[in-house]
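So the structure is just underneath, and the comments pick up after that.
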Amino acid sequence: MGGVAAAALLMALVAGPDAGSGAAPAPPATVADAPAPVVLDLAEVLRRSDRNNPLNAMALAKFRTIEAQVDVARLAWLGKGRWKNDFAIIPVCEDSIQTSDGLQVCRDDLDEVEYFDLQYRPHLRGSFEYGWPLYTFGKIAAGLDAADAGLKAGGHERDATRAEGRLLAKKAYWGALLFRDLSDVTEDGLSKLDKARSQIADSLEEDDEDVDERDAWKLDIFRAEVVSQVEKARAGGRLARSALHEATGIDRAVLVKVVGKLAATDAAVPDLDETFRRALDSNRMVQAARGALKVAQAQEELARAKFWPDLILGVGATYRSTISQTDCLPDLADRTEQCKAADFAPIPVPAIRLEWRIDPAAQISELKKREAKVQVAKADLRALSAKVRLDTEEMWLAVQRGRRVLAARELAVKAAKRLIVAATMDHEAGVGSGKDLSDALKTTAVARAEKLQTVYSLNVAVATLSKLLGQDLENLPAAAPSNSQAPQTTQATP
């Protein structure tokens, strides 16, 4: 839509549903059946976007996952433990005798006894241990640093996604206003064309020598050019409404009414050097990339710390089921200790132990991977910073260019209005041709359409620059109250 031809096309994008479409209009709904539409101004659109935009929901879910990982990392100082149990069925003597030294032994252990009869009984033994890290040579600190940096990076990514959603919502809102105003331009142009065509037809019937039939043909051709874009207009209008429904989370079956005026936003744009500084300092994606670099660096430190041992304060105990003195196992090498088994109660025994995981191949490989990821993160940050600078400069220039073009468009609209007044008066006085009138009508419509398009493009450029800087440059209106009376199910807008 950059040239005159494209602007003329935009002028015709939103025509009335009966402007030459050939389709029968839908029967109008009765007053009782027509619910009140949801009224949307820019503040309401942004409020609904922050709350209902699916991009925000996706970003928030991702951020919640990162928060959970950070919570787990912060619990590392609680330590960890293990509880182990063994259940078994062991053979014991059914019949035993007491020796002279007071031991109970199985009869098969005596040479004079030629038999033994075993029975099987359940047996339990287990152990419990728990340890708290005293000193880990930086493992826990590096893990916490990585978790905190990941949380900050995730927060910046969430904010960047929210800013992207707000930009899309603004574009949808301004697009709806653009099509609405272009519809007014088209209807006004068609009304003037029909009036001029009617006057020419009357003059031809009266055999007015000042009127040429070719004037009527030219007006018909121009009108056909406008009407031929009706279907494209309806598709464009529906697309703008669909984008608005998606950005705000309003069901497509619910009627919406866009209010407000498509006017250039009042934005205080700093000079280019200051704009660059703000972009590199405050851009959400750049901040997220810096956070990703910090995560990679903390993980590299963690990989280095794994070469060192851990000093652990531990508590442990063992226990087993009691075997009575008459339940000595046969063929024991040391009957004295085993046969004197008594009740055993688990008593925690504190101890300080040194744990050292020695796996050079795996540890060196892990360190090399982490070092490579640090270099990748640095490269990503440099590439993203360069892209942000280029995008920022492009949008800054677009804002400056848009403001100068808008000033020229406003002068063109004023001149076109004077032109249409003069051409209409000349035509009604019989001193102007139909071609002069049609050219004036076309020039006026194109000038108005191009001004609207320039305003839209300028607003989008300012909003995009705001997103790149990580701050709103526009003086946005305060949030409007929610539409509690909004209908939930009704016929979709045509």
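Order determines the names: the first chain of the structure tokens is A, the second B, and so forth; residues in each chain are numbered 1 upward, and ligands are numbered 1 upward as they are shown.
Look at stretch 460-477 of chain A: the protein and nucleic acid residues within 8 Å of it, using only C-alpha atoms and passing over chain neighbours fewer than 5 places away, are Leu42, Ala43, Ala160, Ala163, Glu164, Leu167, Lys170, Lys171, Thr265, Asp266, Ala267, Ala268, Val269, Thr275, Arg278, Ala279, Leu280, Ser282, Asn283, Arg284, Val388, Asp391, Thr392, Met395, Trp396, Ala398 and Val399 of chain A.
Taking only C-alpha atoms, the non-local environment of stretch 54-64 of chain A within 10 Å (same-chain residues fewer than 4 positions away omitted) comprises Ser49, Asp50, Ala68, Gln69, Val70, Gly150, Leu151, Lys152, Ala153, Gly154, Gly155, His156, Glu157, Arg158, Asp159, Ala160, Thr161, Arg162, Ala163, Glu164, Gly165, Arg166, Glu246, Ala247, Thr248 and Gly249 of chain A.
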Any chance you can output those residues with N, CA and C atoms as a compact mmCIF listing (two decimals), in the first residue's frame?
# COMPACT_ATOMS: atom_id res chain seq x y z
N SER A 49 -5.67 -8.16 25.94
CA SER A 49 -4.51 -8.86 25.40
C SER A 49 -3.60 -9.37 26.51
N ASP A 50 -3.35 -8.55 27.51
CA ASP A 50 -2.50 -8.97 28.63
C ASP A 50 -3.11 -10.15 29.37
N ALA A 68 9.79 -23.52 38.95
CA ALA A 68 9.84 -24.79 39.65
C ALA A 68 11.26 -25.34 39.70
N GLN A 69 12.01 -25.19 38.60
CA GLN A 69 13.40 -25.66 38.58
C GLN A 69 14.26 -24.87 39.57
N VAL A 70 13.99 -23.59 39.69
CA VAL A 70 14.75 -22.77 40.64
C VAL A 70 14.43 -23.19 42.07
N GLY A 150 18.73 -18.28 35.08
CA GLY A 150 17.68 -18.82 34.22
C GLY A 150 16.32 -18.22 34.53
N LEU A 151 16.07 -17.94 35.82
CA LEU A 151 14.80 -17.34 36.20
C LEU A 151 14.69 -15.92 35.63
N LYS A 152 15.78 -15.14 35.73
CA LYS A 152 15.75 -13.79 35.17
C LYS A 152 15.61 -13.81 33.66
N ALA A 153 16.33 -14.72 33.01
CA ALA A 153 16.20 -14.84 31.55
C ALA A 153 14.79 -15.24 31.16
N GLY A 154 14.21 -16.16 31.92
CA GLY A 154 12.84 -16.55 31.63
C GLY A 154 11.86 -15.40 31.83
N GLY A 155 12.10 -14.57 32.85
CA GLY A 155 11.25 -13.40 33.05
C GLY A 155 11.34 -12.42 31.90
N HIS A 156 12.55 -12.23 31.36
CA HIS A 156 12.70 -11.33 30.21
C HIS A 156 12.02 -11.91 28.98
N GLU A 157 12.13 -13.22 28.78
CA GLU A 157 11.44 -13.85 27.65
C GLU A 157 9.93 -13.71 27.80
N ARG A 158 9.44 -13.87 29.02
CA ARG A 158 8.00 -13.70 29.26
C ARG A 158 7.57 -12.27 28.94
N ASP A 159 8.35 -11.29 29.37
CA ASP A 159 8.02 -9.89 29.09
C ASP A 159 8.11 -9.59 27.60
N ALA A 160 9.10 -10.21 26.92
CA ALA A 160 9.22 -10.00 25.47
C ALA A 160 8.01 -10.57 24.74
N THR A 161 7.54 -11.72 25.18
CA THR A 161 6.35 -12.31 24.55
C THR A 161 5.12 -11.45 24.82
N ARG A 162 5.04 -10.93 26.03
CA ARG A 162 3.92 -10.03 26.36
C ARG A 162 3.96 -8.78 25.49
N ALA A 163 5.17 -8.21 25.29
CA ALA A 163 5.30 -7.03 24.44
C ALA A 163 4.93 -7.34 23.00
N GLU A 164 5.30 -8.53 22.53
CA GLU A 164 4.92 -8.93 21.17
C GLU A 164 3.41 -9.05 21.06
N GLY A 165 2.78 -9.62 22.09
CA GLY A 165 1.32 -9.72 22.07
C GLY A 165 0.65 -8.35 22.07
N ARG A 166 1.18 -7.41 22.84
CA ARG A 166 0.63 -6.06 22.86
C ARG A 166 0.80 -5.37 21.50
N GLU A 246 -8.51 -12.65 18.06
CA GLU A 246 -7.44 -13.49 18.56
C GLU A 246 -6.58 -12.75 19.58
N ALA A 247 -6.31 -11.48 19.33
CA ALA A 247 -5.45 -10.71 20.22
C ALA A 247 -6.10 -10.47 21.58
N THR A 248 -7.42 -10.35 21.61
CA THR A 248 -8.11 -10.04 22.85
C THR A 248 -8.72 -11.25 23.53
N GLY A 249 -8.76 -12.39 22.83
CA GLY A 249 -9.37 -13.58 23.40
C GLY A 249 -10.88 -13.57 23.37
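Within stretch 282-321 of chain A, DSSP applied to the backbone places the following residues in strand (DSSP E or B): Asp310, Leu311, Ile312, Leu313, Gly314, Val315, Gly316, Ala317, Thr318, Tyr319 and Arg320 of chain A.
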Would you mind exporting C-alpha atoms of the selected residues as a PDB file, in the first residue's frame?
ATOM      1  CA  ASP A 310      32.137 -33.038  48.588  1.00  0.00           C
ATOM      2  CA  LEU A 311      32.378 -32.775  52.368  1.00  0.00           C
ATOM      3  CA  ILE A 312      29.212 -34.289  53.822  1.00  0.00           C
ATOM      4  CA  LEU A 313      27.807 -34.406  57.379  1.00  0.00           C
ATOM      5  CA  GLY A 314      25.939 -37.690  57.521  1.00  0.00           C
ATOM      6  CA  VAL A 315      23.813 -39.672  59.922  1.00  0.00           C
ATOM      7  CA  GLY A 316      23.204 -43.392  59.459  1.00  0.00           C
ATOM      8  CA  ALA A 317      21.938 -46.515  61.172  1.00  0.00           C
ATOM      9  CA  THR A 318      21.492 -50.214  60.399  1.00  0.00           C
ATOM     10  CA  TYR A 319      19.044 -52.734  61.786  1.00  0.00           C
ATOM     11  CA  ARG A 320      17.950 -56.343  61.337  1.00  0.00           C
TER      12      ARG A 320
END
- Item | Shell of 10 Å around stretch 172-179 of chain A, only C-alpha atoms, local chain residues under 4 positions omitted, as a PyMOL selection string | chain A and resi 10-15+40-42+45-46+166-168+183-185+233-234+236-248+257-263+449+452-453+455-457+459-460
- Task: Find the residues around A:Lys378 up to 10 Å (only C-alpha atoms counted), leave out those fewer than 2 positions away in its own chain, and share them as a ChimeraX atom specification.
- Result: /A:289-290,292-294,296,372-376,380-384
Let me see the file: selected residues, C-alpha atoms, as a PDB file, in the first residue's frame.
ATOM      1  CA  ALA A 289      20.276 -13.437  25.908  1.00  0.00           C
ATOM      2  CA  ARG A 290      22.450 -11.928  28.647  1.00  0.00           C
ATOM      3  CA  ALA A 292      21.262 -17.197  28.932  1.00  0.00           C
ATOM      4  CA  LEU A 293      24.975 -16.316  28.874  1.00  0.00           C
ATOM      5  CA  LYS A 294      25.037 -16.127  32.679  1.00  0.00           C
ATOM      6  CA  ALA A 296      25.949 -21.032  30.549  1.00  0.00           C
ATOM      7  CA  ALA A 372      31.321 -24.549  24.034  1.00  0.00           C
ATOM      8  CA  LYS A 373      27.863 -23.484  25.210  1.00  0.00           C
ATOM      9  CA  VAL A 374      29.356 -20.357  26.741  1.00  0.00           C
ATOM     10  CA  GLN A 375      30.886 -19.442  23.386  1.00  0.00           C
ATOM     11  CA  VAL A 376      27.564 -20.129  21.644  1.00  0.00           C
ATOM     12  CA  ASP A 380      24.018 -15.399  20.154  1.00  0.00           C
ATOM     13  CA  LEU A 381      24.207 -12.245  22.263  1.00  0.00           C
ATOM     14  CA  ARG A 382      26.417 -10.481  19.714  1.00  0.00           C
ATOM     15  CA  ALA A 383      24.184 -11.508  16.809  1.00  0.00           C
ATOM     16  CA  LEU A 384      21.016 -10.486  18.629  1.00  0.00           C
TER      17      LEU A 384
END
- Query: Residues of stretch 208-426 of chain A in alpha helix (DSSP H) according to DSSP, as an NGL selection string?
  - Reply: :A and (213-227 or 230-248 or 272-282 or 284-305 or 335-339 or 360-426)
- Best match for closeness to A:Ala447 among A:Gly126, A:Gly189, A:Leu255, A:Gln299, counting only C-alpha atoms: A:Gly189
- Task: Would you kindly return, as a VMD selection string, each protein, DNA or RNA residue with an atom no farther than 8 Å from any atom of A:Ile200, considering only C-alpha atoms and excluding same-chain residues fewer than 2 positions away?
- Result: chain A and resid 196 to 198 202 to 204 211 215 to 216 434
- Message: My list of candidates is A:Ala407, A:Leu458, A:Thr443, A:Ile250. Which is closest to A:Arg48 when distances are computed with only C-alpha atoms?
- Response: A:Ile250
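Of the listed residues (A:Ile140, A:Arg214, A:Val286, A:Arg304), A:Val286 comes nearest to A:Lys387; the distances count only C-alpha atoms.
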- Counting only C-alpha atoms, figure out which residue out of A:Leu219, A:Val254, A:Leu193, A:Val226 gets nearest to A:Ala36. A:Val254
- Item | One-decimal distance in Å that lies between atom CA of A:Arg180 and atom CA of A:Ala412 | 21.1 Å
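Ranking A:Leu406, A:Ala288, A:Val38, A:Ala235 by their shortest atom-to-atom distance to A:Arg448, with only C-alpha atoms included, puts A:Leu406 first.
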- Between A:Arg125, A:Tyr130, A:Val295, A:Lys84, which has the minimum distance to A:Ala149 (counting only C-alpha atoms)? A:Val295
- How many Å separate atom CA of A:Ala169 from atom CA of A:Ala264? 16.6 Å
- If you count only C-alpha atoms, which residues fall within 12 Å of A:Ile358, apart from same-chain ones fewer than 3 positions away, as JSON, numbers by chain? {"A": [306, 307, 308, 309, 310, 355, 361, 362, 363, 364]}
Let's have the selection written as an mmCIF file, in the first residue's frame, with N, CA and C atoms.
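As written to disk, out22.cif reads:
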data_model
loop_
_atom_site.group_PDB
_atom_site.id
_atom_site.type_symbol
_atom_site.label_atom_id
_atom_site.label_comp_id
_atom_site.auth_asym_id
_atom_site.auth_seq_id
_atom_site.Cartn_x
_atom_site.Cartn_y
_atom_site.Cartn_z
ATOM 1 N N LYS A 306 32.864 -29.996 39.739
ATOM 2 C CA LYS A 306 32.651 -31.443 39.866
ATOM 3 C C LYS A 306 33.958 -32.223 39.871
ATOM 4 N N PHE A 307 35.086 -31.572 39.574
ATOM 5 C CA PHE A 307 36.376 -32.241 39.680
ATOM 6 C C PHE A 307 36.804 -32.386 41.138
ATOM 7 N N TRP A 308 36.134 -31.692 42.057
ATOM 8 C CA TRP A 308 36.526 -31.686 43.468
ATOM 9 C C TRP A 308 35.534 -32.492 44.296
ATOM 10 N N PRO A 309 35.964 -32.938 45.484
ATOM 11 C CA PRO A 309 35.069 -33.769 46.312
ATOM 12 C C PRO A 309 34.026 -32.938 47.042
ATOM 13 N N ASP A 310 33.162 -33.653 47.747
ATOM 14 C CA ASP A 310 32.137 -33.038 48.588
ATOM 15 C C ASP A 310 32.376 -33.458 50.034
ATOM 16 N N GLU A 355 33.147 -37.451 49.896
ATOM 17 C CA GLU A 355 32.700 -38.133 48.681
ATOM 18 C C GLU A 355 33.400 -37.515 47.484
ATOM 19 N N ALA A 361 37.040 -38.973 32.156
ATOM 20 C CA ALA A 361 36.530 -38.862 30.788
ATOM 21 C C ALA A 361 35.193 -38.120 30.754
ATOM 22 N N ALA A 362 34.276 -38.531 31.625
ATOM 23 C CA ALA A 362 32.956 -37.883 31.639
ATOM 24 C C ALA A 362 33.060 -36.435 32.113
ATOM 25 N N GLN A 363 33.896 -36.185 33.113
ATOM 26 C CA GLN A 363 34.006 -34.827 33.653
ATOM 27 C C GLN A 363 34.656 -33.872 32.659
ATOM 28 N N ILE A 364 35.688 -34.325 31.980
ATOM 29 C CA ILE A 364 36.330 -33.473 30.969
ATOM 30 C C ILE A 364 35.389 -33.220 29.800
#
